[in-house]
>>> print(open('query.tsv').read())   # TSV, C-alpha atoms and all ligand atoms
chain	number	residue	atom	x	y	z
A	1	MET	CA	-63.36	-44.74	-142.84
A	2	ILE	CA	-64.21	-44.44	-139.20
A	3	THR	CA	-64.85	-40.88	-138.13
A	4	ASP	CA	-66.25	-38.67	-135.33
A	5	GLU	CA	-65.58	-41.20	-132.60
A	6	ILE	CA	-63.78	-40.78	-129.29
A	7	VAL	CA	-61.35	-43.62	-128.87
A	8	VAL	CA	-59.25	-44.56	-125.85
A	9	VAL	CA	-55.95	-46.18	-126.82
A	10	THR	CA	-53.67	-47.73	-124.19
A	11	GLY	CA	-49.95	-48.09	-124.78
A	12	VAL	CA	-50.17	-45.12	-127.12
A	13	THR	CA	-46.57	-43.91	-127.00
A	14	SER	CA	-45.14	-46.42	-129.49
A	15	GLY	CA	-45.76	-49.28	-131.87
A	16	ILE	CA	-49.29	-50.47	-132.60
A	17	GLY	CA	-50.93	-48.04	-130.16
A	18	LEU	CA	-49.22	-45.07	-131.77
A	19	ALA	CA	-50.07	-46.26	-135.29
A	20	CYS	CA	-53.74	-46.63	-134.27
A	21	ALA	CA	-53.79	-43.13	-132.76
A	22	ARG	CA	-52.25	-41.59	-135.87
A	23	GLN	CA	-54.65	-43.33	-138.26
A	24	LEU	CA	-57.70	-42.53	-136.11
A	25	ILE	CA	-56.82	-38.85	-135.89
A	26	GLU	CA	-56.06	-38.67	-139.62
A	27	GLN	CA	-59.57	-39.99	-140.22
A	28	GLY	CA	-61.25	-37.35	-138.04
A	29	ASN	CA	-61.58	-38.98	-134.63
A	30	LYS	CA	-60.53	-37.91	-131.16
A	31	VAL	CA	-58.10	-40.07	-129.22
A	32	VAL	CA	-57.51	-40.31	-125.48
A	33	GLY	CA	-54.03	-41.77	-125.37
A	34	ILE	CA	-52.88	-43.58	-122.24
A	35	GLY	CA	-49.16	-44.09	-121.79
A	36	ARG	CA	-46.51	-44.18	-119.10
A	37	ARG	CA	-43.90	-41.90	-120.66
A	38	GLN	CA	-44.85	-38.30	-120.04
A	39	GLU	CA	-42.20	-36.83	-122.32
A	40	ARG	CA	-43.30	-38.99	-125.25
A	41	LEU	CA	-46.93	-38.12	-124.60
A	42	HIS	CA	-45.99	-34.46	-124.69
A	43	ILE	CA	-44.23	-34.83	-128.06
A	44	LEU	CA	-47.16	-36.83	-129.35
A	45	GLY	CA	-49.52	-34.07	-128.22
A	46	ASP	CA	-47.56	-31.62	-130.38
A	47	GLU	CA	-47.72	-33.98	-133.37
A	48	LEU	CA	-51.37	-34.98	-133.12
A	49	GLY	CA	-52.88	-31.65	-132.04
A	50	GLY	CA	-56.12	-30.80	-130.28
A	51	ASN	CA	-57.89	-34.05	-131.11
A	52	PHE	CA	-55.41	-35.94	-128.96
A	53	LEU	CA	-55.70	-36.00	-125.17
A	54	PRO	CA	-52.63	-37.47	-123.49
A	55	LEU	CA	-53.25	-39.27	-120.20
A	56	SER	CA	-50.06	-40.07	-118.41
A	57	CYS	CA	-50.74	-43.19	-116.40
A	58	ASP	CA	-49.55	-46.75	-115.98
A	59	VAL	CA	-52.41	-49.16	-116.62
A	60	ARG	CA	-51.16	-51.04	-113.52
A	61	ASP	CA	-52.00	-48.04	-111.31
A	62	LEU	CA	-55.67	-48.86	-110.99
A	63	GLN	CA	-56.69	-46.03	-108.70
A	64	LYS	CA	-55.00	-43.28	-110.71
A	65	LEU	CA	-56.33	-44.74	-113.92
A	66	GLN	CA	-59.89	-44.78	-112.67
A	67	GLU	CA	-59.61	-41.22	-111.33
A	68	LYS	CA	-58.26	-39.93	-114.64
A	69	LEU	CA	-60.89	-41.69	-116.71
A	70	ALA	CA	-63.64	-40.46	-114.40
A	71	SER	CA	-62.62	-36.84	-114.95
A	72	LEU	CA	-62.16	-36.63	-118.71
A	73	PRO	CA	-62.86	-33.15	-120.11
A	74	ALA	CA	-66.33	-32.82	-121.65
A	75	GLU	CA	-65.09	-32.86	-125.25
A	76	PHE	CA	-63.44	-36.26	-124.70
A	77	ALA	CA	-65.96	-37.76	-122.29
A	78	GLY	CA	-68.22	-39.50	-124.81
A	79	VAL	CA	-65.89	-42.45	-125.35
A	80	SER	CA	-67.35	-45.05	-127.70
A	81	LYS	CA	-64.31	-47.18	-128.58
A	82	LEU	CA	-61.50	-48.72	-126.56
A	83	ILE	CA	-58.30	-50.18	-127.97
A	84	ASN	CA	-56.62	-52.23	-125.25
A	85	ASN	CA	-53.13	-52.29	-126.68
A	86	ALA	CA	-50.82	-51.96	-123.65
A	87	GLY	CA	-48.97	-55.21	-123.13
A	88	LEU	CA	-45.46	-56.54	-122.88
A	89	LEU	CA	-43.15	-59.51	-122.77
A	90	GLN	CA	-40.25	-59.39	-120.36
A	91	GLY	CA	-37.37	-61.82	-120.29
A	92	GLN	CA	-36.62	-64.88	-122.30
A	93	GLY	CA	-36.11	-68.51	-121.52
A	94	SER	CA	-37.78	-71.06	-119.31
A	95	LEU	CA	-40.22	-70.35	-116.52
A	96	LEU	CA	-37.45	-70.44	-113.92
A	97	GLU	CA	-35.28	-68.06	-115.93
A	98	VAL	CA	-37.69	-65.13	-115.65
A	99	SER	CA	-37.73	-63.18	-112.41
A	100	ASP	CA	-40.70	-62.85	-110.06
A	101	GLU	CA	-40.75	-59.18	-110.94
A	102	GLN	CA	-40.94	-59.87	-114.65
A	103	VAL	CA	-43.79	-62.33	-114.10
A	104	ALA	CA	-45.66	-59.76	-112.00
A	105	THR	CA	-45.09	-56.96	-114.53
A	106	MET	CA	-46.48	-59.07	-117.39
A	107	LEU	CA	-49.54	-60.17	-115.45
A	108	ASP	CA	-50.19	-56.71	-114.02
A	109	THR	CA	-50.01	-55.04	-117.42
A	110	ASN	CA	-51.43	-57.66	-119.77
A	111	VAL	CA	-54.17	-58.96	-117.49
A	112	HIS	CA	-54.97	-56.63	-114.57
A	113	GLY	CA	-54.35	-53.42	-116.51
A	114	LEU	CA	-56.56	-54.52	-119.39
A	115	LEU	CA	-59.28	-55.52	-116.93
A	116	ALA	CA	-59.09	-52.21	-115.08
A	117	VAL	CA	-59.34	-50.05	-118.20
A	118	THR	CA	-62.18	-52.17	-119.54
A	119	ARG	CA	-64.15	-52.07	-116.30
A	120	ALA	CA	-63.60	-48.34	-115.91
A	121	LEU	CA	-64.80	-47.53	-119.44
A	122	LEU	CA	-67.52	-50.10	-120.00
A	123	PRO	CA	-70.39	-47.94	-118.66
A	124	ARG	CA	-69.45	-45.18	-121.15
A	125	LEU	CA	-69.14	-47.62	-124.02
A	126	ILE	CA	-72.61	-48.95	-123.26
A	127	ASP	CA	-74.03	-45.41	-122.89
A	128	SER	CA	-72.56	-44.43	-126.27
A	129	GLY	CA	-74.91	-46.87	-128.04
A	130	ARG	CA	-72.11	-47.78	-130.48
A	131	GLY	CA	-69.39	-49.19	-128.28
A	132	HIS	CA	-66.52	-51.32	-129.50
A	133	ILE	CA	-63.58	-52.86	-127.64
A	134	VAL	CA	-60.55	-54.09	-129.56
A	135	ASN	CA	-58.18	-56.20	-127.49
A	136	LEU	CA	-54.65	-56.71	-128.75
A	137	SER	CA	-53.80	-60.34	-128.21
A	138	SER	CA	-50.98	-62.22	-129.93
A	139	ILE	CA	-50.45	-65.31	-132.03
A	140	ALA	CA	-48.68	-66.53	-128.86
A	141	ALA	CA	-52.19	-67.14	-127.49
A	142	HIS	CA	-52.86	-69.63	-130.29
A	143	TYR	CA	-49.67	-71.67	-130.62
A	144	HIS	CA	-47.76	-73.41	-127.85
A	145	TYR	CA	-44.03	-72.81	-127.69
A	146	ALA	CA	-41.24	-73.31	-125.16
A	147	GLY	CA	-40.68	-70.05	-123.31
A	148	GLY	CA	-44.22	-68.84	-123.95
A	149	HIS	CA	-45.51	-69.59	-120.42
A	150	VAL	CA	-46.60	-66.33	-118.73
A	151	TYR	CA	-46.77	-64.05	-121.77
A	152	ALA	CA	-48.62	-66.49	-124.01
A	153	ALA	CA	-51.01	-67.43	-121.20
A	154	SER	CA	-51.69	-63.76	-120.43
A	155	LYS	CA	-52.68	-63.29	-124.08
A	156	ALA	CA	-54.86	-66.41	-123.91
A	157	PHE	CA	-56.55	-64.71	-120.97
A	158	VAL	CA	-57.13	-61.61	-123.12
A	159	GLU	CA	-58.77	-63.71	-125.83
A	160	HIS	CA	-60.97	-65.83	-123.58
A	161	PHE	CA	-61.96	-62.90	-121.38
A	162	GLY	CA	-62.84	-60.89	-124.47
A	163	GLN	CA	-65.03	-63.54	-126.03
A	164	CYS	CA	-66.85	-64.16	-122.73
A	165	LEU	CA	-67.39	-60.43	-122.34
A	166	ARG	CA	-68.67	-60.23	-125.90
A	167	THR	CA	-71.46	-62.67	-125.11
A	168	GLU	CA	-72.34	-60.59	-122.05
A	169	LEU	CA	-72.52	-57.47	-124.20
A	170	VAL	CA	-74.93	-58.85	-126.76
A	171	GLY	CA	-77.92	-56.50	-126.80
A	172	LYS	CA	-75.92	-53.70	-125.16
A	173	ARG	CA	-74.57	-52.35	-128.45
A	174	VAL	CA	-70.95	-52.94	-127.58
A	175	ARG	CA	-68.95	-55.06	-129.99
A	176	LEU	CA	-65.67	-56.79	-129.22
A	177	THR	CA	-62.79	-57.91	-131.39
A	178	ASN	CA	-59.56	-59.74	-130.60
A	179	VAL	CA	-56.63	-58.89	-132.87
A	180	ALA	CA	-53.72	-61.34	-132.67
A	181	PRO	CA	-50.60	-60.18	-134.50
A	182	GLY	CA	-47.40	-62.11	-135.03
A	183	LYS	CA	-43.99	-60.55	-135.14
A	184	THR	CA	-44.36	-56.80	-135.42
A	185	ARG	CA	-41.57	-54.25	-135.65
A	186	SER	CA	-41.83	-52.24	-132.45
A	187	GLU	CA	-40.23	-51.62	-129.09
A	188	PHE	CA	-41.79	-54.91	-127.95
A	189	THR	CA	-38.56	-56.82	-128.58
A	190	LEU	CA	-36.46	-54.09	-126.97
A	191	VAL	CA	-38.55	-54.38	-123.80
A	192	GLN	CA	-38.31	-58.17	-124.00
A	193	HIS	CA	-34.52	-57.93	-124.01
A	194	ALA	CA	-34.28	-55.19	-121.35
A	195	GLY	CA	-33.10	-52.50	-123.77
A	196	ASP	CA	-30.44	-54.58	-125.57
A	197	GLN	CA	-30.86	-53.21	-129.09
A	198	ALA	CA	-28.58	-55.75	-130.75
A	199	ARG	CA	-30.58	-58.67	-129.37
A	200	ALA	CA	-33.83	-56.92	-130.20
A	201	ASN	CA	-32.71	-56.47	-133.81
A	202	GLN	CA	-32.03	-60.21	-134.12
A	203	ALA	CA	-35.77	-60.78	-133.89
A	204	TYR	CA	-36.12	-59.27	-137.36
A	205	SER	CA	-32.94	-60.60	-138.95
A	206	ASN	CA	-34.53	-63.41	-140.97
A	207	ILE	CA	-37.97	-62.01	-141.45
A	208	THR	CA	-39.90	-59.05	-142.79
A	209	PRO	CA	-42.03	-58.26	-139.75
A	210	LEU	CA	-45.42	-56.66	-139.73
A	211	GLU	CA	-45.26	-52.92	-139.32
A	212	PRO	CA	-47.39	-51.34	-136.56
A	213	GLU	CA	-49.39	-49.66	-139.36
A	214	ASP	CA	-50.36	-53.09	-140.76
A	215	VAL	CA	-51.86	-54.07	-137.42
A	216	ALA	CA	-53.52	-50.67	-136.99
A	217	GLU	CA	-55.16	-51.17	-140.38
A	218	ALA	CA	-56.67	-54.47	-139.13
A	219	VAL	CA	-57.92	-52.73	-135.98
A	220	LEU	CA	-59.53	-49.91	-137.94
A	221	TRP	CA	-61.06	-52.38	-140.39
A	222	ALA	CA	-62.82	-54.13	-137.50
A	223	LEU	CA	-63.97	-50.80	-136.09
A	224	ARG	CA	-65.46	-49.57	-139.35
A	225	GLN	CA	-67.70	-52.58	-140.02
A	226	PRO	CA	-71.46	-51.92	-140.09
A	227	VAL	CA	-72.99	-52.06	-136.61
A	228	HIS	CA	-74.65	-55.42	-137.23
A	229	VAL	CA	-71.25	-57.05	-137.88
A	230	ASN	CA	-68.98	-58.19	-135.05
A	231	ILE	CA	-65.52	-59.25	-136.11
A	232	ASN	CA	-64.71	-61.79	-133.39
A	233	SER	CA	-61.06	-62.22	-134.12
A	234	ILE	CA	-58.30	-61.42	-136.55
A	235	GLU	CA	-54.97	-63.25	-136.67
A	236	LEU	CA	-52.22	-61.81	-138.85
A	237	MET	CA	-48.55	-62.56	-139.18
A	238	PRO	CA	-45.63	-61.87	-141.49
A	239	ALA	CA	-45.84	-63.95	-144.65
A	240	ASP	CA	-42.47	-65.51	-143.84
A	241	GLN	CA	-43.06	-66.20	-140.14
A	242	GLN	CA	-43.52	-69.87	-139.28
A	243	LEU	CA	-44.53	-69.95	-135.62
A	244	SER	CA	-44.78	-67.55	-132.72
A	245	TYR	CA	-41.16	-67.97	-131.68
A	246	ARG	CA	-39.56	-67.97	-135.14
B	1	LIG	C1	-45.65	-61.60	-129.91
B	1	LIG	C2	-45.83	-62.25	-131.23
B	1	LIG	O1	-44.69	-63.66	-133.02
B	1	LIG	O2	-43.29	-62.12	-131.76
B	1	LIG	O3	-46.87	-61.07	-129.48
B	1	LIG	O4	-44.11	-64.14	-130.71
B	1	LIG	S1	-44.41	-63.08	-131.70
>>> encode(input="query.tsv", output="structure tokens")
Amino acid sequence: MITDEIVVVTGVTSGIGLACARQLIEQGNKVVGIGRRQERLHILGDELGGNFLPLSCDVRDLQKLQEKLASLPAEFAGVSKLINNAGLLQGQGSLLEVSDEQVATMLDTNVHGLLAVTRALLPRLIDSGRGHIVNLSSIAAHYHYAGGHVYAASKAFVEHFGQCLRTELVGKRVRLTNVAPGKTRSEFTLVQHAGDQARANQAYSNITPLEPEDVAEAVLWALRQPVHVNINSIELMPADQQLSYR
């Protein structure tokens, strides 16, 4: 069990972020949940109660994000854990088949957003004396595949950035873990296919995907290790998944 911590979770309104928030609150933690969709955050606030603080913000809006994090209410200010979950894949096909806008959205969210949240919160994580950052990567960072280009490379950035940062944090009592899931049932595929539910469903037609709760369990396992243990990385995938694109 991990308990009595204040955890910031990005991309909290669905999928892995939501599963992490639910499990953390069930176990007696407070969660600051960052998400873009105000209405969903509101509903989530009703479900999760007073230990959940919704922060409506796009991780790409650096200024707003930093302002909101700088003015957290006192009962949520002592953040000791950060789960960098917000990330997306847009479009499908070769490099020239994705639009400039899709490329920018992926890099802004997966790279610049993650950097901004991390930089904004790092002083608090260090001050807490028991900091931990969990970055959600992907198996796409580990295996080359046609069509991976920007998304896979953005997740490779997440992994390499994280491990470099970890070395910098040695002695500062902030641990860092990369979690790299394979195919997970979530809105990820719906976003990838611009809201086309039928195409999104095809992603799971020949496979039993991971559930967001499976990945959340891996995240919480890393968080609850004794303070002298740093889990560097976890890779998990469905038992019947072959590679990152199958
Ligand atoms: C995406 C993982 O396996 O769907 O992050 O390509 S997979």
>>> closest_residue(input="query.tsv", among="A:Ile207, A:Val229, A:Val111, A:Val117", to="ligand LIG 1 (chain B)", atoms="only C-alpha atoms and all ligand atoms")
A:Ile207
>>> residues_near_ligand(input="query.tsv", ligand="ligand LIG 1 (chain B)", cutoff="9 Å", atoms="only C-alpha atoms and all ligand atoms", output="JSON, numbers by chain")
{"A": [87, 88, 89, 136, 137, 138, 139, 140, 141, 148, 151, 152, 155, 180, 181, 182, 183, 184, 185, 188, 189, 203, 209, 237, 238, 241, 242, 243, 244, 245, 246]}
>>> residues_around(input="query.tsv", residues="region 27-44 of chain A", least_positions_apart="6", cutoff="6 Å", atoms="all atoms listed in the file", output="MDAnalysis selection string")
chainID A and resid 3:13 51:58
>>> atom_distance(input="query.tsv", atom1="CA of Arg166 (chain A)", atom2="CA of Ala120 (chain A)")
16.3 Å
>>> atom_distance(input="query.tsv", atom1="CA of Ala194 (chain A)", atom2="CA of Pro212 (chain A)")
20.4 Å
>>> atom_distance(input="query.tsv", atom1="CA of Met106 (chain A)", atom2="CA of Ala70 (chain A)")
25.5 Å
>>> closest_residue(input="query.tsv", among="A:Arg175, A:Arg199, A:Arg130, A:Arg124", to="Ser233 (chain A)", atoms="all atoms listed in the file")
A:Arg175
>>> closest_residue(input="query.tsv", among="A:Gly171, A:Phe161, A:Ala198, A:Val150", to="Asp100 (chain A)", atoms="all atoms listed in the file")
A:Val150
>>> residues_around(input="query.tsv", residues="Met1 (chain A)", least_positions_apart="2", cutoff="10 Å", atoms="only C-alpha atoms", output="PyMOL selection string")
chain A and resi 3+23-24+27-28+220-221+223-225
>>> write_last_selection(input="query.tsv", atoms="C-alpha atoms", output="short mmCIF file (atom, residue, chain, number, x, y, z; two decimals), keeping the file's coordinate frame")
data_model
loop_
_atom_site.label_atom_id
_atom_site.label_comp_id
_atom_site.auth_asym_id
_atom_site.auth_seq_id
_atom_site.Cartn_x
_atom_site.Cartn_y
_atom_site.Cartn_z
CA THR A 3 -64.85 -40.88 -138.13
CA GLN A 23 -54.65 -43.33 -138.26
CA LEU A 24 -57.70 -42.53 -136.11
CA GLN A 27 -59.57 -39.99 -140.22
CA GLY A 28 -61.25 -37.35 -138.04
CA LEU A 220 -59.53 -49.91 -137.94
CA TRP A 221 -61.06 -52.38 -140.39
CA LEU A 223 -63.97 -50.80 -136.09
CA ARG A 224 -65.46 -49.57 -139.35
CA GLN A 225 -67.70 -52.58 -140.02
#
>>> residues_around(input="query.tsv", residues="Ile231 (chain A)", least_positions_apart="6", cutoff="8 Å", atoms="all atoms listed in the file", output="list of chain:residue names")
A:Leu176, A:Thr177, A:Ala222
>>> closest_atom_pairs(input="query.tsv", of="region 25-109 of chain A", to="region 125-128 of chain A", cutoff="12 Å", atoms="only C-alpha atoms", output="Markdown table")
| residue | atom | partner | partner_atom | distance |
| --- | --- | --- | --- | --- |
| A:Ala77 | CA | A:Ser128 | CA | 10.2 |
| A:Gly78 | CA | A:Ser128 | CA | 6.7 |
| A:Val79 | CA | A:Leu125 | CA | 6.2 |
| A:Ser80 | CA | A:Leu125 | CA | 4.8 |
| A:Lys81 | CA | A:Leu125 | CA | 6.7 |
| A:Leu82 | CA | A:Leu125 | CA | 8.1 |
| A:Ile83 | CA | A:Leu125 | CA | 11.8 |
>>> closest_residue(input="query.tsv", among="A:Val215, A:Ile25, A:Thr208, A:Leu62", to="Gly45 (chain A)", atoms="all atoms listed in the file")
A:Ile25
>>> residues_around(input="query.tsv", residues="Ser14 (chain A)", least_positions_apart="3", cutoff="8 Å", atoms="all atoms listed in the file", output="number ranges by chain")
A: 11, 17-19, 186-187
>>> closest_residue(input="query.tsv", among="A:Leu236, A:Ala146, A:Gly131, A:Asn206", to="Lys172 (chain A)", atoms="all atoms listed in the file")
A:Gly131
>>> axis_aligned_box(input="query.tsv", around="region 132-141 of chain A", padding_each_side="8 Å", output="lines of an AutoDock Vina configuration file")
center_x = -57.6
center_y = -59.2
center_z = -129.8
size_x = 33.8
size_y = 31.8
size_z = 20.5
